[in-house]
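J.: final.txt is reproduced below (compact mmCIF, C-alpha atoms and all ligand atoms).
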```
# COMPACT_ATOMS: atom_id res chain seq x y z
CA MET U 13 -23.84 26.11 -7.52
CA THR U 14 -21.02 27.18 -9.78
CA SER U 15 -19.64 23.72 -10.40
CA THR U 16 -19.81 22.27 -13.86
CA ASP U 17 -20.67 18.72 -14.85
CA GLN U 18 -22.80 18.10 -11.81
CA HIS U 19 -25.67 15.71 -12.49
CA ILE U 20 -27.93 15.09 -9.55
CA ALA U 21 -31.48 13.78 -9.88
CA THR U 22 -33.76 16.40 -8.29
CA ASP U 23 -35.54 14.02 -5.92
CA LEU U 24 -32.20 12.81 -4.50
CA ILE U 25 -30.96 16.24 -3.48
CA SER U 26 -32.75 16.34 -0.13
CA ILE U 27 -31.32 12.94 0.87
CA LEU U 28 -27.80 14.06 0.02
CA GLU U 29 -28.32 17.34 1.84
CA GLY U 30 -28.94 15.29 4.96
CA VAL U 31 -25.40 13.88 4.88
CA SER U 32 -22.90 16.10 6.66
CA ASP U 33 -19.16 16.44 6.28
CA PRO U 34 -17.71 14.36 9.15
CA GLU U 35 -14.95 16.87 9.83
CA ILE U 36 -17.13 19.97 9.55
CA PRO U 37 -20.54 18.68 10.71
CA VAL U 38 -22.37 21.97 10.08
CA LEU U 39 -21.75 21.54 6.38
CA SER U 40 -23.68 19.15 4.17
CA ILE U 41 -21.74 17.31 1.51
CA MET U 42 -23.89 19.13 -1.05
CA ASP U 43 -22.80 22.52 0.30
CA MET U 44 -19.25 21.26 0.24
CA GLY U 45 -19.62 20.50 -3.48
CA VAL U 46 -18.14 17.01 -3.28
CA VAL U 47 -21.14 15.23 -4.84
CA ARG U 48 -20.68 15.12 -8.60
CA THR U 49 -23.44 12.81 -9.79
CA ALA U 50 -26.39 10.95 -8.30
CA GLN U 51 -28.51 9.10 -10.83
CA TYR U 52 -30.83 6.16 -10.89
CA ASP U 53 -29.57 3.05 -12.59
CA GLY U 54 -32.59 0.78 -12.53
CA ASP U 55 -33.40 0.26 -8.85
CA ILE U 56 -30.15 1.51 -7.47
CA VAL U 57 -28.61 4.96 -7.22
CA LEU U 58 -25.08 5.59 -8.43
CA VAL U 59 -23.31 8.39 -6.60
CA GLU U 60 -19.99 9.89 -7.56
CA ILE U 61 -18.05 11.96 -5.05
CA THR U 62 -14.77 13.80 -5.45
CA PRO U 63 -12.22 14.32 -2.67
CA THR U 64 -11.39 17.80 -1.43
CA TYR U 65 -7.76 16.66 -0.91
CA SER U 66 -6.19 13.42 -2.23
CA GLY U 67 -5.62 12.05 1.24
CA CYS U 68 -8.84 13.35 2.78
CA PRO U 69 -9.68 10.68 5.37
CA ALA U 70 -13.31 11.82 5.41
CA MET U 71 -14.05 10.35 1.98
CA ASP U 72 -14.51 6.76 3.18
CA VAL U 73 -16.83 7.94 5.94
CA ILE U 74 -18.79 10.13 3.51
CA GLY U 75 -19.22 7.13 1.21
CA ASP U 76 -20.57 5.01 4.08
CA ASP U 77 -22.83 7.83 5.29
CA ILE U 78 -24.33 8.24 1.80
CA ILE U 79 -25.10 4.52 1.61
CA THR U 80 -26.72 4.66 5.08
CA ALA U 81 -28.77 7.76 4.21
CA PHE U 82 -30.19 6.08 1.12
CA ALA U 83 -30.73 2.80 2.94
CA GLU U 84 -32.96 4.65 5.41
CA LYS U 85 -35.18 5.51 2.43
CA ASN U 86 -34.97 1.90 1.27
CA ILE U 87 -32.80 2.82 -1.67
CA GLU U 88 -29.64 0.94 -2.49
CA ALA U 89 -26.76 3.27 -3.36
CA LYS U 90 -23.32 2.65 -4.78
CA VAL U 91 -20.63 5.24 -4.26
CA SER U 92 -17.51 5.75 -6.31
CA LEU U 93 -14.68 8.25 -6.15
CA VAL U 94 -13.80 10.43 -9.14
CA LEU U 95 -10.70 12.61 -9.35
CA SER U 96 -11.48 14.65 -12.41
CA PRO U 97 -12.41 17.46 -12.59
CA ALA U 98 -10.50 18.24 -9.41
CA TRP U 99 -12.46 19.80 -6.56
CA THR U 100 -12.05 23.51 -5.99
CA THR U 101 -13.17 25.73 -3.12
CA ASP U 102 -15.36 27.54 -5.68
CA TRP U 103 -17.74 24.60 -5.40
CA ILE U 104 -18.60 25.42 -1.80
CA THR U 105 -22.07 27.00 -1.97
CA GLU U 106 -22.99 30.40 -0.53
CA ARG U 107 -24.93 28.61 2.19
CA GLY U 108 -21.85 26.50 2.83
CA ARG U 109 -19.62 29.55 3.20
CA LYS U 110 -22.06 31.06 5.67
CA ALA U 111 -22.17 27.81 7.67
CA LEU U 112 -18.37 27.71 7.78
CA GLU U 113 -18.16 31.27 9.11
CA ASP U 114 -20.82 30.61 11.74
CA TYR U 115 -18.88 27.53 12.81
CA GLY U 116 -15.72 29.58 13.31
CA ILE U 117 -13.87 28.77 10.10
CA ALA U 118 -13.11 31.70 7.82
CA ALA U 119 -14.33 30.96 4.28
CA PRO U 120 -11.78 30.90 1.45
CA LEU U 121 -10.87 34.19 -0.20
CA GLY U 122 -10.46 34.52 -3.95
CA GLU U 123 -7.28 33.13 -5.47
CA GLU U 124 -5.39 36.44 -5.65
CA ALA U 125 -6.30 37.57 -2.15
CA ASP U 126 -5.47 34.11 -0.80
CA LYS U 127 -1.99 34.32 -2.29
CA GLN U 128 -1.43 37.79 -0.86
CA VAL U 129 -2.33 36.46 2.57
CA LEU U 130 -0.49 33.14 2.52
CA LEU U 131 2.58 34.24 0.58
CA GLY U 132 2.75 37.89 1.47
CA ASP U 133 1.82 39.52 4.72
CA LYS U 134 -1.49 41.02 3.64
CA ARG U 135 -4.15 41.01 6.34
CA LEU U 136 -7.40 40.20 4.56
CA VAL U 137 -8.86 37.22 6.38
CA LYS U 138 -11.71 38.24 8.64
CA CYS U 139 -11.66 36.95 12.21
CA THR U 140 -14.68 34.72 12.76
CA ASN U 141 -14.92 35.92 16.34
CA CYS U 142 -14.79 39.72 16.12
CA GLY U 143 -14.77 40.47 12.41
CA SER U 144 -11.41 42.28 12.39
CA THR U 145 -9.09 41.73 9.44
CA ASN U 146 -6.10 42.42 11.67
CA THR U 147 -5.24 38.74 11.50
CA LYS U 148 -2.12 36.79 10.71
CA MET U 149 -1.26 33.27 9.71
CA VAL U 150 0.28 31.12 12.43
CA SER U 151 0.68 28.00 10.33
CA GLN U 152 -0.02 27.07 6.72
CA PHE U 153 -1.54 23.82 7.91
CA GLY U 154 -4.31 23.70 10.48
CA SER U 155 -6.28 20.89 12.06
CA THR U 156 -6.87 19.37 8.61
CA ALA U 157 -5.05 19.69 5.29
CA CYS U 158 -7.69 22.07 3.91
CA LYS U 159 -7.24 24.68 6.62
CA ALA U 160 -4.57 27.12 7.79
CA LEU U 161 -4.25 28.30 11.36
CA PHE U 162 -4.78 32.02 11.98
CA LYS U 163 -4.66 34.34 14.93
CA CYS U 164 -6.62 37.55 15.37
CA GLU U 165 -4.50 40.42 16.69
CA ALA U 166 -7.58 42.41 17.67
CA CYS U 167 -9.30 39.89 19.94
CA GLN U 168 -6.35 37.48 20.28
CA GLU U 169 -8.46 34.44 19.38
CA PRO U 170 -7.07 31.70 17.13
CA PHE U 171 -9.23 30.43 14.27
CA ASP U 172 -9.07 28.27 11.15
CA TYR U 173 -9.07 29.61 7.61
CA PHE U 174 -10.29 27.40 4.79
CA LYS U 175 -7.54 27.68 2.18
CA CYS U 176 -8.41 28.59 -1.38
CA LEU U 177 -7.92 25.57 -3.61
CA LYS U 178 -8.04 26.18 -7.35
CA MET W 29 -4.50 -18.68 -38.41
CA SER W 30 -3.54 -15.16 -39.25
CA THR W 31 -6.30 -13.84 -36.99
CA ILE W 32 -5.00 -15.83 -34.04
CA GLU W 33 -1.49 -14.66 -34.70
CA SER W 34 -2.38 -11.01 -34.84
CA SER W 35 -4.62 -11.20 -31.81
CA SER W 36 -1.92 -12.89 -29.76
CA ARG W 37 0.57 -10.28 -30.84
CA MET W 38 -1.87 -7.61 -29.81
CA LYS W 39 -2.20 -9.26 -26.43
CA THR W 40 1.57 -9.17 -25.84
CA ASN W 41 1.46 -5.56 -26.83
CA THR W 42 -1.22 -4.64 -24.31
CA THR W 43 0.64 -6.56 -21.59
CA ASP W 44 3.82 -4.70 -22.47
CA ILE W 45 2.07 -1.38 -22.33
CA SER W 46 0.50 -2.18 -18.95
CA GLU W 47 3.84 -3.33 -17.59
CA VAL W 48 5.55 -0.13 -18.72
CA LEU W 49 2.79 1.92 -17.18
CA ILE W 50 2.94 -0.02 -13.91
CA GLN W 51 6.70 0.48 -13.66
CA TYR W 52 6.32 4.13 -14.56
CA ILE W 53 3.66 4.56 -11.88
CA TYR W 54 5.89 2.94 -9.24
CA GLY W 55 8.64 5.39 -10.18
CA ILE W 56 6.39 8.29 -9.21
CA ALA W 57 4.14 6.79 -6.55
CA ASP W 58 6.89 5.12 -4.50
CA ASN W 59 8.46 8.54 -3.95
CA ALA W 60 5.19 9.80 -2.50
CA LEU W 61 4.72 6.70 -0.34
CA ILE W 62 8.22 6.65 1.12
CA LEU W 63 8.39 10.40 1.71
CA GLY W 64 4.93 10.22 3.28
CA GLN W 65 6.14 7.41 5.53
CA ARG W 66 9.18 9.42 6.62
CA LEU W 67 7.01 12.42 7.42
CA SER W 68 4.51 10.36 9.38
CA GLU W 69 7.35 9.27 11.66
CA LEU W 70 7.24 12.87 12.89
CA CYS W 71 3.63 12.56 14.02
CA GLY W 72 3.71 13.59 17.67
CA HIS W 73 7.45 14.34 17.46
CA GLY W 74 7.56 17.60 15.49
CA PRO W 75 9.66 20.41 16.98
CA ASN W 76 6.47 22.33 17.73
CA LEU W 77 2.76 21.85 17.27
CA GLU W 78 2.46 23.75 13.99
CA THR W 79 5.27 21.90 12.22
CA ASP W 80 4.07 18.60 13.64
CA ILE W 81 0.64 19.21 12.13
CA ALA W 82 2.12 20.48 8.87
CA GLY W 83 4.31 17.37 8.54
CA THR W 84 1.43 15.00 9.07
CA ASN W 85 -0.82 16.97 6.73
CA ILE W 86 1.79 16.80 3.99
CA ALA W 87 2.21 13.09 4.69
CA LEU W 88 -1.54 12.66 4.32
CA ASP W 89 -1.57 14.46 0.97
CA LEU W 90 1.27 12.27 -0.27
CA LEU W 91 -0.37 9.06 0.91
CA GLY W 92 -3.62 10.16 -0.74
CA GLN W 93 -1.81 10.68 -4.03
CA THR W 94 -0.09 7.32 -3.59
CA ARG W 95 -3.47 5.61 -3.23
CA GLY W 96 -4.64 7.11 -6.51
CA TYR W 97 -1.56 5.81 -8.31
CA TYR W 98 -1.60 2.36 -6.68
CA GLN W 99 -5.31 1.84 -7.28
CA TYR W 100 -4.63 2.48 -10.92
CA ALA W 101 -1.60 0.17 -10.96
CA ALA W 102 -3.65 -2.55 -9.23
CA GLN W 103 -6.33 -2.18 -11.87
CA LEU W 104 -3.69 -2.52 -14.62
CA LYS W 105 -2.24 -5.60 -12.94
CA GLY W 106 -5.68 -7.12 -12.79
CA GLY W 107 -6.58 -10.29 -10.89
CA ASP W 108 -6.86 -9.91 -7.13
CA THR W 109 -4.16 -7.29 -6.79
CA THR W 110 -5.10 -4.43 -4.49
CA GLU W 111 -3.48 -1.11 -3.63
CA ASP W 112 -2.48 -2.62 -0.28
CA ASP W 113 -0.55 -5.46 -1.93
CA ILE W 114 1.46 -2.90 -3.84
CA ALA W 115 2.06 -0.68 -0.83
CA TYR W 116 2.84 -3.38 1.72
CA LEU W 117 3.90 -6.60 0.09
CA ARG W 118 6.72 -5.84 -2.29
CA THR W 119 10.35 -6.58 -1.52
CA GLU W 120 12.88 -3.78 -1.11
CA ARG W 121 14.21 -4.16 -4.66
CA GLU W 122 10.72 -3.72 -6.07
CA TYR W 123 10.36 -0.20 -4.67
CA LYS W 124 11.52 2.33 -7.25
CA ASN W 125 11.70 5.52 -5.18
CA VAL W 126 14.71 7.82 -5.41
CA LEU W 127 17.28 7.61 -2.61
CA LEU W 128 16.52 11.18 -1.50
CA VAL W 129 13.08 10.42 -0.05
CA GLU W 130 14.19 7.47 2.07
CA GLN W 131 16.89 9.44 3.91
CA PRO W 132 16.26 9.55 7.67
CA ASN W 133 14.85 12.53 9.58
CA LYS W 134 17.97 12.99 11.78
CA HIS W 135 17.06 16.57 12.81
CA PHE W 136 14.50 19.12 11.61
CA GLY W 137 16.99 20.57 9.13
CA TYR W 138 17.08 17.23 7.32
CA VAL W 139 13.29 17.02 7.25
CA ILE W 140 13.03 20.45 5.67
CA ALA W 141 15.98 20.08 3.27
CA ARG W 142 14.70 16.71 2.00
CA GLN W 143 11.19 18.11 1.63
CA PHE W 144 12.39 21.22 -0.17
CA LEU W 145 14.66 19.32 -2.59
CA TYR W 146 11.82 16.95 -3.43
CA ASP W 147 8.98 19.52 -3.52
CA MET W 148 10.84 21.64 -6.08
CA PHE W 149 11.03 18.60 -8.33
CA HIS W 150 7.54 17.33 -7.49
CA VAL W 151 5.84 20.58 -8.57
CA MET W 152 7.69 20.57 -11.90
CA LEU W 153 6.88 16.90 -12.47
CA LEU W 154 3.16 17.24 -11.79
CA GLU W 155 2.93 20.43 -13.86
CA LYS W 156 3.96 18.29 -16.83
CA LEU W 157 2.12 15.11 -15.85
CA GLN W 158 -1.16 17.04 -16.00
CA ASN W 159 -0.75 16.89 -19.78
CA SER W 160 -0.29 13.12 -19.88
CA GLN W 161 -2.31 11.37 -22.54
CA ASP W 162 -3.25 8.87 -19.87
CA PRO W 163 -6.44 10.37 -18.39
CA THR W 164 -6.00 8.73 -14.96
CA LEU W 165 -2.43 9.96 -14.50
CA ALA W 166 -3.47 13.41 -15.73
CA ALA W 167 -6.33 13.49 -13.20
CA ILE W 168 -4.11 12.45 -10.28
CA ALA W 169 -1.56 15.10 -11.29
CA LYS W 170 -4.19 17.84 -11.60
CA LYS W 171 -5.43 17.03 -8.14
CA GLY W 172 -1.97 16.60 -6.65
CA ILE W 173 -0.41 19.76 -8.04
CA LYS W 174 -2.72 21.93 -5.95
CA GLU W 175 -1.50 20.18 -2.80
CA VAL W 176 2.15 20.01 -3.73
CA ARG W 177 2.31 23.77 -4.31
CA TYR W 178 1.37 24.20 -0.66
CA HIS W 179 4.10 21.75 0.34
CA GLN W 180 6.64 23.70 -1.66
CA ARG W 181 5.50 26.93 -0.08
CA PHE W 182 5.93 25.38 3.37
CA SER W 183 9.38 23.89 2.80
CA SER W 184 10.71 26.96 0.95
CA ASP W 185 9.56 29.18 3.79
CA TRP W 186 11.42 27.06 6.30
CA ILE W 187 14.58 26.99 4.19
CA LYS W 188 14.56 30.78 4.31
CA ARG W 189 13.76 30.93 8.00
CA LEU W 190 16.47 28.48 8.99
CA GLY W 191 19.05 29.72 6.50
CA ASP W 192 18.57 33.36 7.41
CA GLY W 193 17.89 32.60 11.07
CA THR W 194 20.36 32.08 13.91
CA PRO W 195 23.95 30.91 13.35
CA GLU W 196 22.92 27.49 14.66
CA SER W 197 19.89 27.11 12.40
CA HIS W 198 21.97 28.30 9.45
CA GLU W 199 24.68 25.77 10.17
CA LYS W 200 22.23 22.90 10.60
CA ILE W 201 20.23 23.53 7.45
CA GLN W 202 23.43 24.01 5.45
CA GLU W 203 24.73 20.69 6.78
CA ALA W 204 21.49 18.96 5.70
CA ILE W 205 21.57 20.54 2.24
CA ASN W 206 25.21 19.50 1.82
CA THR W 207 24.47 15.91 2.89
CA LEU W 208 21.37 15.47 0.75
CA TRP W 209 22.68 17.25 -2.34
CA THR W 210 24.29 14.04 -3.58
CA TYR W 211 20.83 12.52 -4.03
CA THR W 212 19.39 15.30 -6.21
CA ASP W 213 20.81 14.26 -9.56
CA GLU W 214 18.97 10.94 -9.50
CA LEU W 215 15.65 12.78 -9.80
CA PHE W 216 16.49 13.38 -13.46
CA HIS W 217 17.68 9.91 -14.42
CA MET W 218 15.47 8.15 -16.93
CA THR W 219 14.79 4.43 -16.50
CA GLU W 220 13.74 2.22 -19.40
CA ALA W 221 10.12 2.49 -18.23
CA ASP W 222 10.44 6.28 -18.04
CA LYS W 223 11.73 6.47 -21.61
CA LYS W 224 9.00 4.18 -22.93
CA ALA W 225 6.33 6.10 -21.04
CA VAL W 226 7.58 9.32 -22.63
CA ASP W 227 7.46 7.70 -26.08
CA MET W 228 3.89 6.60 -25.40
CA GLY W 229 2.93 10.18 -24.53
CA VAL W 230 1.96 9.30 -20.97
CA GLY W 231 5.18 10.01 -19.08
CA VAL W 232 7.23 13.11 -18.32
CA ASP W 233 10.77 13.57 -19.56
CA ALA W 234 12.31 14.27 -16.15
CA SER W 235 15.78 14.76 -17.62
CA ALA W 236 14.49 17.91 -19.34
CA LEU W 237 13.54 19.45 -15.97
CA LYS W 238 17.08 19.40 -14.60
CA GLY W 239 18.32 22.84 -15.69
CA GLU W 240 15.25 24.67 -14.48
CA TYR W 241 15.28 22.70 -11.21
CA TYR W 242 18.80 23.70 -10.26
CA THR W 243 18.12 27.31 -11.27
CA ARG W 244 15.09 27.51 -8.99
CA VAL W 245 16.82 25.72 -6.11
CA ARG W 246 19.89 27.94 -6.44
CA GLU W 247 17.74 31.09 -6.36
CA LEU W 248 16.06 30.06 -3.15
CA LEU W 249 19.28 28.98 -1.47
CA ASP W 250 20.84 32.33 -2.41
CA ALA W 251 17.87 34.18 -0.98
CA SER W 252 18.26 32.14 2.20
CA THR W 253 21.96 33.04 2.56
CA LEU W 254 22.85 29.38 1.99
CA GLU W 255 25.62 28.02 -0.16
CA VAL W 256 24.96 25.81 -3.15
CA PRO W 257 27.13 22.70 -2.74
CA GLU W 258 29.74 22.03 -5.39
CA MET W 259 29.50 18.40 -6.36
CA LYS W 260 30.56 16.35 -9.35
CA TRP W 261 29.69 12.86 -8.21
CA PHE W 262 26.15 11.91 -7.28
CA GLN W 263 24.53 8.89 -5.63
CA LYS W 264 21.94 6.90 -7.52
CA GLY W 265 20.27 3.49 -7.49
CA GLY W 266 16.81 3.84 -5.99
CA LYS W 267 15.12 3.94 -9.37
CA GLN W 268 16.66 0.52 -10.08
CA GLY W 269 15.60 -0.77 -6.67
CA ILE W 270 19.08 -0.49 -5.15
CA HIS W 271 18.50 1.41 -1.95
CA THR W 272 20.54 2.88 0.90
CA GLU W 273 20.87 1.04 4.20
CA HIS W 274 17.97 3.09 5.63
CA MET W 275 15.35 1.59 3.36
CA GLY W 276 15.14 -1.84 5.02
CA TYR W 277 14.35 -0.32 8.41
CA LEU W 278 11.76 1.96 6.88
CA LEU W 279 10.06 -0.95 5.15
CA ALA W 280 10.14 -3.07 8.29
CA ASP W 281 8.11 -0.36 9.98
CA LEU W 282 5.84 0.19 7.00
CA GLN W 283 5.11 -3.47 6.32
CA TYR W 284 5.03 -4.79 9.87
CA MET W 285 1.25 -5.05 10.28
CA GLN W 286 0.56 -6.71 6.92
CA ARG W 287 3.45 -9.13 7.29
CA THR W 288 2.47 -10.08 10.83
CA TYR W 289 -1.28 -10.26 10.23
CA PRO W 290 -1.64 -11.04 6.50
CA GLY W 291 -4.78 -9.57 4.98
CA MET W 292 -5.48 -7.47 8.05
CA LYS W 293 -7.98 -4.65 7.52
CA TRP W 294 -8.81 -1.60 9.63
ZN ZN U 301 -10.86 38.70 16.36
```
Produce structure tokens that represent the structure in this file.
T.:
Amino acid sequence: MTSTDQHIATDLISILEGVSDPEIPVLSIMDMGVVRTAQYDGDIVLVEITPTYSGCPAMDVIGDDIITAFAEKNIEAKVSLVLSPAWTTDWITERGRKALEDYGIAAPLGEEADKQVLLGDKRLVKCTNCGSTNTKMVSQFGSTACKALFKCEACQEPFDYFKCLK
Amino acid sequence: MSTIESSSRMKTNTTDISEVLIQYIYGIADNALILGQRLSELCGHGPNLETDIAGTNIALDLLGQTRGYYQYAAQLKGGDTTEDDIAYLRTEREYKNVLLVEQPNKHFGYVIARQFLYDMFHVMLLEKLQNSQDPTLAAIAKKGIKEVRYHQRFSSDWIKRLGDGTPESHEKIQEAINTLWTYTDELFHMTEADKKAVDMGVGVDASALKGEYYTRVRELLDASTLEVPEMKWFQKGGKQGIHTEHMGYLLADLQYMQRTYPGMKW
């Protein structure tokens, strides 16, 4: 995990890993990097999560799912939202990137490459279906704010690309 | 006696500071709310699937940013005030958005021109607001700037495509730019709250962004084979709560549920 300032009590990790992102169910919220802290405060657990995008509608659901996951272990949890430091796609773990690709969403490129693709006409994003990089952007915005819509010119399949956010 | 006096003076001071901050926040957040509302009118009505999705995604980003600002304003107001009260239960005069963002969608050219003229300003504003001495405003700006750069990319792209497209698309986008141009100057007007917020080190001096804004806008219009309107007289008033005739209809739509079913929750 490359993210800084992340404070999660070791015995809580497995519970949090059991909570998935409601919009990308193959990804746990831990792999997504949205959990910033999870610490005991007496009998209860305080969890801080950070949104991927300001308007991300999944955040309320994630909050509820965390509370439910802890409740199943008879632990009371309180969830709050923090904005700073702002989430970046760098916080998606290696396992998370792999899960995204397997699910059919191309993982974010580095910042420079991402710019060359989205602003220029560089073909660098790998098709999640056939692996070709002969792909082009159809729309800057895909099914959610964090994704762009791509099309593969080799196999003709459309797919989502998770945009680099830095 | 002297202790009471100084503590009561301090209290007035804190109230003043909160009030300035609240007004300053409205000045930024109301733009995001109203523009977001306009864009969400397109949901299911975009000219094609991709632009429909883009419009609603941008609306979602803007509404998300609005929530951050209003939650903070509600906290400053204290008492039972919630973000929803601020979003839904103010009167027209209490909304401090610029006139530009409330202008109707008319046709796709207007949607793009309005978005472009605001995005260019929005990016510059948030770039500066990131350095605010108010940690909450700085955090919202740092988060928002990443999103707004994508918005700007989207609207700039479409300005080029329409401007340098067919004769019809060129004519329509030029018409929209010409009509909306009169609302651009207001972006740089400084209200009393703006000036105080700048003095306090929390606000951005928007008037200082004007030169750079018009340079950047001009460059893109040139590149899109579009003409830069010549204009000496500009419309203003939104920042004082004096809105165009479109605002009442917009608010009727926006506030309908809360006014009809007070306290309603999803
Ligand atoms: Zn392919």
J.: Sorted by chain and rising residue number, list the residues of chain U at most 12 Å from ligand ZN 301 (chain U) (counting all atoms listed in the file), each with its closest atom pair and distance in Å to one decimal, as a tab-separated table.
T.:
```
residue	atom	partner	partner_atom	distance
U:Gly116	CA	U:ZN301	ZN	10.8
U:Ala118	CA	U:ZN301	ZN	11.3
U:Val137	CA	U:ZN301	ZN	10.3
U:Lys138	CA	U:ZN301	ZN	7.8
U:Cys139	CA	U:ZN301	ZN	4.6
U:Thr140	CA	U:ZN301	ZN	6.6
U:Asn141	CA	U:ZN301	ZN	4.9
U:Cys142	CA	U:ZN301	ZN	4.1
U:Gly143	CA	U:ZN301	ZN	5.8
U:Ser144	CA	U:ZN301	ZN	5.4
U:Thr145	CA	U:ZN301	ZN	7.8
U:Asn146	CA	U:ZN301	ZN	7.6
U:Thr147	CA	U:ZN301	ZN	7.4
U:Lys148	CA	U:ZN301	ZN	10.6
U:Phe162	CA	U:ZN301	ZN	10.0
U:Lys163	CA	U:ZN301	ZN	7.7
U:Cys164	CA	U:ZN301	ZN	4.5
U:Glu165	CA	U:ZN301	ZN	6.6
U:Ala166	CA	U:ZN301	ZN	5.1
U:Cys167	CA	U:ZN301	ZN	4.1
U:Gln168	CA	U:ZN301	ZN	6.1
U:Glu169	CA	U:ZN301	ZN	5.7
U:Pro170	CA	U:ZN301	ZN	8.0
U:Phe171	CA	U:ZN301	ZN	8.7
U:Asp172	CA	U:ZN301	ZN	11.8
```
J.: Which polymer residues have any atom within 8 Å of an atom of Val232 (chain W), counting only C-alpha atoms, with same-chain residues fewer than 5 positions away left out, as a list in words?
T.: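 Those residues are Leu153, Lys156, Leu157, Ser160, Asp222, Ala225 and Val226 of chain W.
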J.: Residues of chain U that have any atom at most 10 Å from an atom of chain W: could you tabulate them with the shortest-distance atom pair and the distance in Å to one decimal, using all atoms listed in the file, ordered by chain and increasing number, as a tab-separated table?
T.:
```
residue	atom	partner	partner_atom	distance
U:Pro63	CA	W:Lys171	CA	9.1
U:Thr64	CA	W:Lys171	CA	9.0
U:Tyr65	CA	W:Asp89	CA	6.8
U:Ser66	CA	W:Gly92	CA	4.4
U:Gly67	CA	W:Gly92	CA	3.4
U:Cys68	CA	W:Gly92	CA	7.1
U:Pro69	CA	W:Leu88	CA	8.4
U:Val94	CA	W:Ala167	CA	9.0
U:Leu95	CA	W:Ala167	CA	5.9
U:Ser96	CA	W:Ala167	CA	5.3
U:Pro97	CA	W:Ala167	CA	7.3
U:Ala98	CA	W:Lys171	CA	5.4
U:Trp99	CA	W:Lys171	CA	7.7
U:Thr100	CA	W:Lys174	CA	9.5
U:Leu130	CA	W:Arg181	CA	9.0
U:Leu131	CA	W:Arg181	CA	7.9
U:Val150	CA	W:Glu78	CA	7.8
U:Ser151	CA	W:Glu78	CA	5.9
U:Gln152	CA	W:Phe182	CA	7.0
U:Phe153	CA	W:Ala82	CA	5.0
U:Gly154	CA	W:Ile81	CA	6.9
U:Ser155	CA	W:Ile81	CA	7.1
U:Thr156	CA	W:Asn85	CA	6.8
U:Ala157	CA	W:Asn85	CA	5.2
U:Cys158	CA	W:Asn85	CA	9.0
U:Ala160	CA	W:Ala82	CA	9.5
U:Leu161	CA	W:Glu78	CA	8.5
U:Lys175	CA	W:Tyr178	CA	10.0
U:Cys176	CA	W:Lys174	CA	9.9
U:Leu177	CA	W:Lys174	CA	6.8
U:Lys178	CA	W:Lys174	CA	7.0
```
J.: Keeping only C-alpha atoms, take the residues you just selected and write them out as a short mmCIF file (atom, residue, chain, number, x, y, z; two decimals), in the frame of the given file.
T.:
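Okay, selection_4.cif is ready:
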```
data_model
loop_
_atom_site.label_atom_id
_atom_site.label_comp_id
_atom_site.auth_asym_id
_atom_site.auth_seq_id
_atom_site.Cartn_x
_atom_site.Cartn_y
_atom_site.Cartn_z
CA PRO U 63 -12.22 14.32 -2.67
CA THR U 64 -11.39 17.80 -1.43
CA TYR U 65 -7.76 16.66 -0.91
CA SER U 66 -6.19 13.42 -2.23
CA GLY U 67 -5.62 12.05 1.24
CA CYS U 68 -8.84 13.35 2.78
CA PRO U 69 -9.68 10.68 5.37
CA VAL U 94 -13.80 10.43 -9.14
CA LEU U 95 -10.70 12.61 -9.35
CA SER U 96 -11.48 14.65 -12.41
CA PRO U 97 -12.41 17.46 -12.59
CA ALA U 98 -10.50 18.24 -9.41
CA TRP U 99 -12.46 19.80 -6.56
CA THR U 100 -12.05 23.51 -5.99
CA LEU U 130 -0.49 33.14 2.52
CA LEU U 131 2.58 34.24 0.58
CA VAL U 150 0.28 31.12 12.43
CA SER U 151 0.68 28.00 10.33
CA GLN U 152 -0.02 27.07 6.72
CA PHE U 153 -1.54 23.82 7.91
CA GLY U 154 -4.31 23.70 10.48
CA SER U 155 -6.28 20.89 12.06
CA THR U 156 -6.87 19.37 8.61
CA ALA U 157 -5.05 19.69 5.29
CA CYS U 158 -7.69 22.07 3.91
CA ALA U 160 -4.57 27.12 7.79
CA LEU U 161 -4.25 28.30 11.36
CA LYS U 175 -7.54 27.68 2.18
CA CYS U 176 -8.41 28.59 -1.38
CA LEU U 177 -7.92 25.57 -3.61
CA LYS U 178 -8.04 26.18 -7.35
#
```
J.: For a test of reading the model, state the distance in Å between CA of Ile187 (chain W) and CA of Lys260 (chain W), rounded to one decimal.
T.: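 CA of Lys260 (chain W) lies 23.5 Å from CA of Ile187 (chain W).
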J.: Tell me which of W:Ala280, W:Leu49, W:Leu61, W:Met228 sits closest to Glu111 (chain W), counting only C-alpha atoms.
T.: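 Closest to Glu111 (chain W), using only C-alpha atoms: W:Leu61.
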J.: Using only C-alpha atoms, collect all residues at a distance of at most 10 Å from (-19.9, 21.6, 17.4) as written in the file, then present them as an MDAnalysis selection string.
T.: chainID U and resid 36:38 115:116
J.: For His274 (chain W), which residue among W:Met259, W:Leu128, W:Ala101, W:Ala204 is the nearest when counting only C-alpha atoms?
T.: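 Closest to His274 (chain W), using only C-alpha atoms: W:Leu128.
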J.: Around (7.2, -8.4, 3.0), as given in the file, which residues come within 8 Å? Count only C-alpha atoms and list them as a ChimeraX atom specification.
T.: /W:116-119,283,286-287
J.: Could you please determine the separation between CA of Ile201 (chain W) and CA of Gln263 (chain W) in Å, to one decimal place?
T.: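 Value for the CA of Ile201 (chain W)-CA of Gln263 (chain W) distance: 20.1 Å.
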J.: Figure out the distance between CA of Ser92 (chain U) and CA of Gln99 (chain W), please, to one decimal in Å.
T.: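 Computing the Euclidean distance for CA of Gln99 (chain W) and CA of Ser92 (chain U) yields 12.8 Å.
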